[in-house]
$ cat structure_37.cif   # mmCIF, C-alpha atoms
data_entry
#
loop_
_atom_site.label_atom_id
_atom_site.label_comp_id
_atom_site.auth_asym_id
_atom_site.auth_seq_id
_atom_site.Cartn_x
_atom_site.Cartn_y
_atom_site.Cartn_z
CA MET A 770 -41.82 46.98 -41.64
CA LYS A 771 -40.06 44.23 -43.57
CA ASN A 772 -36.94 44.79 -41.48
CA LEU A 773 -38.95 44.60 -38.28
CA ILE A 774 -40.45 41.25 -39.25
CA THR A 775 -37.02 39.90 -40.21
CA THR A 776 -35.55 41.09 -36.91
CA ILE A 777 -38.35 39.50 -34.89
CA ALA A 778 -37.90 36.22 -36.77
CA SER A 779 -34.11 36.31 -36.21
CA VAL A 780 -34.53 37.02 -32.51
CA MET A 781 -36.94 34.12 -32.21
CA ILE A 782 -34.48 31.75 -33.86
CA MET A 783 -31.75 33.06 -31.55
CA MET A 784 -34.05 32.51 -28.56
CA VAL A 785 -34.40 28.81 -29.46
CA PHE A 786 -30.62 28.42 -29.32
CA LEU A 787 -30.38 30.45 -26.14
CA LEU A 788 -33.03 28.39 -24.39
CA GLN A 789 -31.41 25.13 -25.50
CA PHE A 790 -28.04 26.41 -24.31
CA ILE A 791 -29.46 27.02 -20.83
CA ASN A 792 -31.31 23.70 -20.90
CA ASN A 793 -28.11 21.82 -21.79
CA GLN A 794 -26.33 23.34 -18.83
CA VAL A 795 -29.18 22.43 -16.49
CA LEU A 796 -29.16 18.85 -17.81
CA HIS A 797 -25.40 18.64 -17.39
CA ASN A 798 -25.67 19.76 -13.76
CA LYS A 799 -28.41 17.19 -13.14
CA ILE A 800 -26.31 14.35 -14.58
CA MET A 801 -23.23 15.39 -12.59
CA ASN A 802 -25.29 15.48 -9.39
CA ILE A 803 -26.88 12.09 -10.13
CA ASP A 804 -23.42 10.57 -10.71
CA ARG A 805 -22.15 12.02 -7.44
CA SER A 806 -25.17 10.79 -5.46
CA VAL A 807 -25.03 7.27 -6.89
CA ASN A 808 -21.29 7.10 -6.26
CA CYS A 809 -21.85 8.24 -2.68
CA PHE A 810 -24.39 5.46 -2.07
CA LYS A 811 -22.13 2.96 -3.83
CA GLU A 812 -19.57 3.69 -1.10
CA ILE A 813 -22.24 3.02 1.54
CA ALA A 814 -23.11 -0.28 -0.14
CA LYS A 815 -19.41 -1.12 -0.12
CA GLN A 816 -19.23 -0.71 3.65
CA GLU A 817 -22.57 -2.32 4.48
CA GLY A 818 -22.38 -5.22 1.99
CA ARG A 819 -25.62 -4.24 0.26
CA LEU A 820 -27.94 -1.32 -0.30
CA SER A 821 -30.73 -1.69 2.24
CA ASP A 822 -34.30 -0.48 1.63
CA ILE A 823 -33.78 2.56 3.86
CA ARG A 824 -30.68 3.53 1.91
CA GLU A 825 -32.55 3.06 -1.37
CA GLU A 826 -35.20 5.50 -0.16
CA GLU A 827 -32.51 7.96 0.88
CA LEU A 828 -30.91 7.69 -2.56
CA LYS A 829 -34.25 8.25 -4.27
CA THR A 830 -34.96 11.30 -2.09
CA MET A 831 -31.53 12.70 -2.84
CA ILE A 832 -31.86 12.23 -6.60
CA SER A 833 -35.43 13.54 -6.76
CA LYS A 834 -34.15 16.78 -5.21
CA TYR A 835 -31.85 17.33 -8.19
CA VAL A 836 -34.08 15.93 -10.91
CA ASP A 837 -37.59 17.19 -11.41
CA CYS A 838 -39.35 13.85 -10.96
CA ASP A 839 -41.23 11.79 -8.42
CA GLU A 840 -39.42 9.31 -6.17
CA SER A 841 -41.55 6.46 -7.50
CA GLU A 842 -40.24 7.07 -11.03
CA ILE A 843 -36.66 6.32 -10.00
CA ALA A 844 -35.70 2.65 -10.24
CA VAL A 845 -32.92 1.34 -8.01
CA MET A 846 -31.80 -2.18 -8.80
CA ALA A 847 -29.60 -3.60 -6.08
CA ASP A 848 -29.18 -7.10 -4.68
CA ASP A 849 -30.80 -7.86 -1.33
CA LYS A 850 -28.15 -10.42 -0.55
CA VAL A 851 -25.39 -9.23 1.76
CA ARG A 852 -22.01 -9.56 0.03
CA GLY A 853 -18.97 -10.35 2.10
CA ARG A 854 -15.46 -8.94 1.81
CA GLY A 855 -14.08 -9.25 -1.74
CA GLU A 856 -17.40 -10.00 -3.46
CA ILE A 857 -18.71 -7.70 -6.17
CA ILE A 858 -21.82 -5.57 -5.64
CA ASN A 859 -23.75 -4.13 -8.58
CA LEU A 860 -25.80 -0.97 -8.22
CA LYS A 861 -27.99 0.12 -11.11
CA VAL A 862 -30.10 3.25 -11.03
CA GLU A 863 -32.48 4.46 -13.74
CA ILE A 864 -33.65 8.05 -13.62
CA PRO A 865 -36.12 9.65 -16.04
CA LEU A 866 -34.89 12.93 -17.49
CA LYS A 867 -37.60 15.24 -18.76
CA ASN A 868 -37.49 18.35 -20.90
CA LEU A 869 -34.44 17.45 -22.98
CA ILE A 870 -35.25 19.98 -25.70
CA ALA A 871 -36.20 23.42 -24.42
CA ALA A 872 -38.63 24.72 -27.04
CA ASN A 873 -40.18 21.36 -27.94
CA GLU A 874 -43.49 22.85 -29.08
CA VAL A 875 -41.70 24.89 -31.76
CA PHE A 876 -40.28 21.72 -33.31
CA GLY A 877 -43.52 19.80 -32.86
CA ILE A 878 -42.17 17.38 -30.26
CA ASP A 879 -44.66 16.37 -27.60
CA ASP A 880 -43.74 16.13 -23.90
CA ASP A 881 -43.72 12.31 -23.85
CA SER A 882 -41.14 12.06 -26.62
CA ASN A 883 -39.12 14.85 -25.04
CA SER A 884 -37.73 12.67 -22.27
CA GLY A 885 -35.22 9.92 -21.76
CA ILE A 886 -33.87 7.56 -19.13
CA TYR A 887 -30.44 8.06 -17.65
CA CYS A 888 -28.88 4.83 -16.47
CA CYS A 889 -26.08 4.66 -13.93
CA ASN A 890 -24.51 1.22 -13.55
CA LEU A 891 -21.74 0.90 -10.98
CA TYR A 892 -19.78 -2.01 -9.57
CA THR A 893 -17.95 -2.11 -6.29
CA THR A 894 -16.12 -4.64 -4.17
CA SER A 895 -17.58 -5.21 -0.74
CA GLU A 896 -15.50 -4.42 2.33
CA TYR A 897 -18.15 -5.70 4.72
CA VAL A 898 -16.82 -8.08 7.34
CA ALA A 899 -19.60 -10.01 9.05
CA ARG A 900 -18.56 -10.13 12.67
CA MET B 1271 -30.66 37.12 -50.12
CA LYS B 1272 -29.42 39.28 -47.25
CA ASN B 1273 -31.96 37.72 -44.92
CA LEU B 1274 -30.95 34.23 -45.95
CA VAL B 1275 -27.29 34.99 -45.22
CA ILE B 1276 -28.19 36.37 -41.78
CA LEU B 1277 -30.34 33.34 -41.04
CA ILE B 1278 -27.59 30.90 -42.03
CA ALA B 1279 -25.09 32.90 -39.96
CA ILE B 1280 -27.35 32.78 -36.88
CA ILE B 1281 -27.96 29.04 -37.19
CA SER B 1282 -24.26 28.29 -37.77
CA PHE B 1283 -23.20 30.44 -34.83
CA GLY B 1284 -25.77 28.83 -32.55
CA SER B 1285 -24.81 25.33 -33.65
CA ILE B 1286 -21.08 25.89 -33.16
CA LEU B 1287 -21.69 27.39 -29.73
CA MET B 1288 -23.85 24.47 -28.69
CA THR B 1289 -21.45 21.84 -30.02
CA TYR B 1290 -18.68 23.53 -28.04
CA GLN B 1291 -20.81 23.47 -24.90
CA ILE B 1292 -21.89 19.82 -25.29
CA ASP B 1293 -18.28 18.71 -25.90
CA PHE B 1294 -17.07 20.46 -22.76
CA ASP B 1295 -19.95 19.09 -20.68
CA LYS B 1296 -19.19 15.60 -21.94
CA MET B 1297 -15.56 16.00 -21.02
CA ALA B 1298 -16.45 17.17 -17.51
CA GLN B 1299 -18.73 14.15 -17.03
CA GLU B 1300 -16.07 11.81 -18.36
CA LYS B 1301 -13.48 13.25 -15.99
CA GLN B 1302 -15.77 12.83 -12.99
CA ARG B 1303 -16.63 9.24 -13.95
CA LEU B 1304 -12.97 8.45 -14.54
CA LYS B 1305 -12.06 9.75 -11.09
CA PHE B 1306 -14.80 7.68 -9.44
CA ALA B 1307 -13.79 4.58 -11.44
CA ALA B 1308 -10.10 5.00 -10.58
CA ASP B 1309 -10.86 5.46 -6.87
CA GLU B 1310 -13.06 2.39 -6.92
CA ALA B 1311 -10.49 0.31 -8.82
CA LEU B 1312 -7.81 1.11 -6.25
CA ALA B 1313 -10.09 0.57 -3.26
CA SER B 1314 -11.04 -2.84 -4.67
CA ALA B 1315 -7.45 -3.72 -5.53
CA SER B 1316 -6.24 -2.83 -2.03
CA LEU B 1317 -8.14 -5.85 -0.68
CA SER B 1318 -5.74 -8.15 -2.51
CA ILE B 1319 -3.13 -8.59 0.20
CA ASP B 1320 -0.97 -11.55 1.09
CA LEU B 1321 -2.86 -12.97 4.07
CA TRP B 1322 0.02 -15.20 5.19
CA GLU B 1323 2.34 -12.19 5.45
CA TYR B 1324 -0.45 -10.21 7.10
CA ALA B 1325 -0.70 -12.89 9.79
CA ASN B 1326 3.02 -12.40 10.40
CA GLY B 1327 2.47 -8.65 10.83
CA TYR B 1328 3.40 -7.38 7.37
CA LEU B 1329 1.13 -5.72 4.87
CA ILE B 1330 2.22 -6.90 1.44
CA TYR B 1331 0.14 -6.65 -1.72
CA ASP B 1332 -0.25 -9.46 -4.22
CA ASP B 1333 0.94 -7.64 -7.35
CA THR B 1334 -0.76 -9.86 -9.93
CA LYS B 1335 -4.10 -9.76 -8.16
CA VAL B 1336 -3.85 -5.98 -7.71
CA LYS B 1337 -3.16 -5.45 -11.41
CA ASN B 1338 -5.97 -7.75 -12.50
CA LYS B 1339 -8.43 -6.16 -10.09
CA VAL B 1340 -7.59 -2.65 -11.29
CA LYS B 1341 -8.18 -3.70 -14.91
CA GLU B 1342 -11.36 -5.59 -14.04
CA MET B 1343 -12.94 -2.71 -12.10
CA MET B 1344 -11.90 -0.11 -14.68
CA ASN B 1345 -13.52 -2.18 -17.44
CA LYS B 1346 -16.68 -2.57 -15.38
CA ASN B 1347 -17.06 1.03 -14.25
CA PHE B 1348 -15.72 3.03 -17.17
CA ASP B 1349 -17.11 2.99 -20.71
CA LYS B 1350 -13.89 3.75 -22.56
CA LYS B 1351 -11.94 0.54 -22.91
CA ILE B 1352 -8.70 2.07 -24.19
CA PHE B 1353 -6.53 3.60 -21.51
CA THR B 1354 -2.97 3.54 -20.28
CA TYR B 1355 -2.17 3.22 -16.63
CA LYS B 1356 0.70 3.57 -14.24
CA LEU B 1357 0.46 1.64 -11.00
CA ILE B 1358 2.80 2.11 -8.06
CA ILE B 1359 2.66 -0.39 -5.23
CA SER B 1360 4.37 0.56 -2.02
CA ASP B 1361 4.17 -1.76 0.98
CA GLU B 1362 6.26 -3.27 3.73
CA LYS B 1363 8.32 -5.38 1.32
CA GLY B 1364 10.80 -2.54 1.22
CA THR B 1365 10.79 -1.61 -2.47
CA ASN B 1366 8.26 0.24 -4.64
CA ARG B 1367 7.05 -1.67 -7.67
CA ASN B 1368 6.05 0.15 -10.85
CA TYR B 1369 3.75 -1.25 -13.51
CA GLY B 1370 2.39 0.25 -16.71
CA GLU B 1371 3.50 3.26 -18.73
CA GLY B 1372 4.07 6.92 -17.99
CA LYS B 1373 5.62 8.97 -15.22
CA GLN B 1374 4.29 9.52 -11.74
CA ASP B 1375 6.04 10.69 -8.57
CA ILE B 1376 5.79 8.54 -5.48
CA ILE B 1377 4.42 9.78 -2.16
CA ASP B 1378 6.84 9.67 0.79
CA ASN B 1379 4.76 10.30 3.86
CA LEU B 1380 2.11 7.60 3.50
CA SER B 1381 1.98 4.16 5.02
CA PRO B 1382 1.45 1.19 2.62
CA TYR B 1383 -0.31 2.63 -0.39
CA LEU B 1384 -1.36 2.07 -3.97
CA LEU B 1385 -1.10 4.83 -6.52
CA LEU B 1386 -2.78 4.77 -9.90
CA LYS B 1387 -2.55 7.19 -12.79
CA ILE B 1388 -4.98 6.57 -15.63
CA ASN B 1389 -4.71 8.33 -18.96
CA ILE B 1390 -7.53 8.07 -21.50
CA GLY B 1391 -5.99 10.26 -24.19
CA LYS B 1392 -7.28 13.45 -25.74
CA PRO B 1393 -10.95 14.40 -25.57
CA ASN B 1394 -12.98 14.26 -28.78
CA PHE B 1395 -13.76 17.90 -29.42
CA ARG B 1396 -15.57 18.64 -32.66
CA CYS B 1397 -14.93 22.39 -32.91
CA ILE B 1398 -11.46 22.91 -31.47
CA LYS B 1399 -8.32 20.86 -31.13
CA CYS B 1400 -7.20 19.83 -27.67
CA TYR B 1401 -3.55 19.05 -26.92
CA GLU B 1402 -3.97 17.98 -23.29
CA ASP B 1403 -4.62 14.39 -22.25
CA ILE B 1404 -7.34 13.56 -19.74
CA TYR B 1405 -5.87 11.77 -16.75
CA VAL B 1406 -6.56 11.23 -13.07
CA VAL B 1407 -4.35 10.19 -10.20
CA SER B 1408 -5.80 8.18 -7.33
CA ALA B 1409 -4.07 7.03 -4.17
CA TYR B 1410 -5.26 4.55 -1.58
CA GLU B 1411 -3.58 4.35 1.79
CA ASN B 1412 -4.08 1.02 3.50
CA GLN B 1413 -4.21 1.11 7.26
CA GLY B 1414 -5.13 -2.53 7.72
CA PHE B 1415 -8.47 -4.02 8.64
#
$ encode --input "structure_37.cif" --output "structure tokens"
Amino acid sequence: MKNLITTIASVMIMMVFLLQFINNQVLHNKIMNIDRSVNCFKEIAKQEGRLSDIREEELKTMISKYVDCDESEIAVMADDKVRGRGEIINLKVEIPLKNLIAANEVFGIDDDSNSGIYCCNLYTTSEYVAR
Amino acid sequence: MKNLVILIAIISFGSILMTYQIDFDKMAQEKQRLKFAADEALASASLSIDLWEYANGYLIYDDTKVKNKVKEMMNKNFDKKIFTYKLIISDEKGTNRNYGEGKQDIIDNLSPYLLLKINIGKPNFRCIKCYEDIYVVSAYENQGF
């Protein structure tokens, strides 16, 4: 009986690590996908001189597919002003990442504390020629 | 006592495994960001051409501006400030110009191009030792605008 209890306890501790291991991999994939999406839209901003509202919506839709969050929670900070050839464009995106620790209830962490904001801040030089 | 030893063993094993995983994930993210930053630095630098020569029909890069732009964009887009770079500028001036440290082969079958190799040194692994440097090579072929 004593052995059984010890085994169950050990398996439970192992499960915490296993769950966190899986969760880390999921988070990693999310971050890689966010980076790729933002970089993709940075290239669009480079060609068009700015990130228009339609493009911002497209970016939000794309990111919300990878990350389990609503489109309204994603903040895209881009200049409205059209930048000409050679000028620098800044694109900043903030995405909330939830469920950072897998078994948060076990450690007594509530859902609100178990989240963070991933910030992607990229600069590009405009290639837009206004003609 | 036996239980305690098993418990410590489980926690140590789990921690080592997770540290290993996080380190590798971090390295993968760093590599991807470095590639994006290097591509962007070159694309931005390729705009620095000699407009007077361009008007005469030659595409010639302004070396100083190219170098400064590469450094500026790398500092803006990449967190790690310490890196070594090798920049090869090939245009219609006739000769290839090399800047920076390291070795990198040139490309023969491209038209005017910029080639950049960025090396950020060894990754910071906590569990194992890594002997390989992290580096990326980016090329930008300029076909005029």
$ interface_residues --input "structure_37.cif" --of "chain B" --to "chain A" --cutoff "8 Å" --atoms "all atoms listed in the file" --output "PDB file with C-alpha atoms, keeping the file's coordinate frame"
ATOM      1  CA  ASN B1273     -31.960  37.720 -44.920  1.00  0.00           C
ATOM      2  CA  LEU B1277     -30.340  33.340 -41.040  1.00  0.00           C
ATOM      3  CA  ILE B1280     -27.350  32.780 -36.880  1.00  0.00           C
ATOM      4  CA  ILE B1281     -27.960  29.040 -37.190  1.00  0.00           C
ATOM      5  CA  GLY B1284     -25.770  28.830 -32.550  1.00  0.00           C
ATOM      6  CA  SER B1285     -24.810  25.330 -33.650  1.00  0.00           C
ATOM      7  CA  MET B1288     -23.850  24.470 -28.690  1.00  0.00           C
ATOM      8  CA  GLN B1291     -20.810  23.470 -24.900  1.00  0.00           C
ATOM      9  CA  ILE B1292     -21.890  19.820 -25.290  1.00  0.00           C
ATOM     10  CA  ASP B1295     -19.950  19.090 -20.680  1.00  0.00           C
ATOM     11  CA  GLN B1299     -18.730  14.150 -17.030  1.00  0.00           C
ATOM     12  CA  GLN B1302     -15.770  12.830 -12.990  1.00  0.00           C
ATOM     13  CA  ARG B1303     -16.630   9.240 -13.950  1.00  0.00           C
ATOM     14  CA  PHE B1306     -14.800   7.680  -9.440  1.00  0.00           C
ATOM     15  CA  GLU B1310     -13.060   2.390  -6.920  1.00  0.00           C
ATOM     16  CA  SER B1314     -11.040  -2.840  -4.670  1.00  0.00           C
ATOM     17  CA  LEU B1317      -8.140  -5.850  -0.680  1.00  0.00           C
ATOM     18  CA  MET B1343     -12.940  -2.710 -12.100  1.00  0.00           C
ATOM     19  CA  LYS B1346     -16.680  -2.570 -15.380  1.00  0.00           C
ATOM     20  CA  ASN B1347     -17.060   1.030 -14.250  1.00  0.00           C
TER      21      ASN B1347
END
$ resolve_selection --input "structure_37.cif" --expression "the PyMOL selection byres ((chain A and resi 817) around 8)" --output "list in words"
Ile813, Ala814, Lys815, Gln816, Gly818, Arg819, Leu820, Val851, Ser895, Glu896 and Tyr897 of chain A
$ residues_around --input "structure_37.cif" --residues "Phe1348 (chain B)" --least-positions-apart "3" --cutoff "9 Å" --atoms "only C-alpha atoms" --output "mmCIF file with C-alpha atoms, in the coordinates of the input"
data_model
loop_
_atom_site.group_PDB
_atom_site.id
_atom_site.type_symbol
_atom_site.label_atom_id
_atom_site.label_comp_id
_atom_site.auth_asym_id
_atom_site.auth_seq_id
_atom_site.Cartn_x
_atom_site.Cartn_y
_atom_site.Cartn_z
ATOM 1 C CA LEU A 891 -21.740 0.900 -10.980
ATOM 2 C CA GLU B 1300 -16.070 11.810 -18.360
ATOM 3 C CA ARG B 1303 -16.630 9.240 -13.950
ATOM 4 C CA LEU B 1304 -12.970 8.450 -14.540
ATOM 5 C CA ALA B 1307 -13.790 4.580 -11.440
ATOM 6 C CA ALA B 1308 -10.100 5.000 -10.580
ATOM 7 C CA MET B 1343 -12.940 -2.710 -12.100
ATOM 8 C CA MET B 1344 -11.900 -0.110 -14.680
ATOM 9 C CA ASN B 1345 -13.520 -2.180 -17.440
ATOM 10 C CA LYS B 1351 -11.940 0.540 -22.910
#
$ resolve_selection --input "structure_37.cif" --expression "the PyMOL selection byres ((chain A and resi 832) around 9)" --output "PDB file with C-alpha atoms, in the coordinates of the input"
ATOM      1  CA  LYS A 799     -28.410  17.190 -13.140  1.00  0.00           C
ATOM      2  CA  ASN A 802     -25.290  15.480  -9.390  1.00  0.00           C
ATOM      3  CA  ILE A 803     -26.880  12.090 -10.130  1.00  0.00           C
ATOM      4  CA  SER A 806     -25.170  10.790  -5.460  1.00  0.00           C
ATOM      5  CA  VAL A 807     -25.030   7.270  -6.890  1.00  0.00           C
ATOM      6  CA  GLU A 827     -32.510   7.960   0.880  1.00  0.00           C
ATOM      7  CA  LEU A 828     -30.910   7.690  -2.560  1.00  0.00           C
ATOM      8  CA  LYS A 829     -34.250   8.250  -4.270  1.00  0.00           C
ATOM      9  CA  THR A 830     -34.960  11.300  -2.090  1.00  0.00           C
ATOM     10  CA  MET A 831     -31.530  12.700  -2.840  1.00  0.00           C
ATOM     11  CA  SER A 833     -35.430  13.540  -6.760  1.00  0.00           C
ATOM     12  CA  LYS A 834     -34.150  16.780  -5.210  1.00  0.00           C
ATOM     13  CA  TYR A 835     -31.850  17.330  -8.190  1.00  0.00           C
ATOM     14  CA  VAL A 836     -34.080  15.930 -10.910  1.00  0.00           C
ATOM     15  CA  ASP A 837     -37.590  17.190 -11.410  1.00  0.00           C
ATOM     16  CA  CYS A 838     -39.350  13.850 -10.960  1.00  0.00           C
ATOM     17  CA  GLU A 840     -39.420   9.310  -6.170  1.00  0.00           C
ATOM     18  CA  ILE A 843     -36.660   6.320 -10.000  1.00  0.00           C
ATOM     19  CA  ILE A 864     -33.650   8.050 -13.620  1.00  0.00           C
TER      20      ILE A 864
END
$ atom_distance --input "structure_37.cif" --atom1 "CA of Met846 (chain A)" --atom2 "CA of Lys861 (chain A)"
5.0 Å
$ resolve_selection --input "structure_37.cif" --expression "the PyMOL selection byres ((chain B and resi 1366) around 12)" --output "ChimeraX atom specification"
/B:1330-1331,1333,1357-1365,1367-1369,1375-1378,1382-1385
$ atom_distance --input "structure_37.cif" --atom1 "CA of Phe1294 (chain B)" --atom2 "CA of Phe1395 (chain B)"
7.9 Å
$ residues_around --input "structure_37.cif" --residues "Phe1353 (chain B)" --least-positions-apart "6" --cutoff "7 Å" --atoms "all atoms listed in the file" --output "count of residues only"
3
$ atom_distance --input "structure_37.cif" --atom1 "CA of Ile1286 (chain B)" --atom2 "CA of Arg1396 (chain B)"
9.1 Å
$ closest_residue --input "structure_37.cif" --among "B:Ile1276, B:Ala1313, B:Val1336, B:Ile1404" --to "Gly1391 (chain B)" --atoms "only C-alpha atoms"
B:Ile1404
$ closest_residue --input "structure_37.cif" --among "B:Lys1296, B:Lys1387, B:Lys1301, B:Lys1399" --to "Thr1354 (chain B)" --atoms "only C-alpha atoms"
B:Lys1387
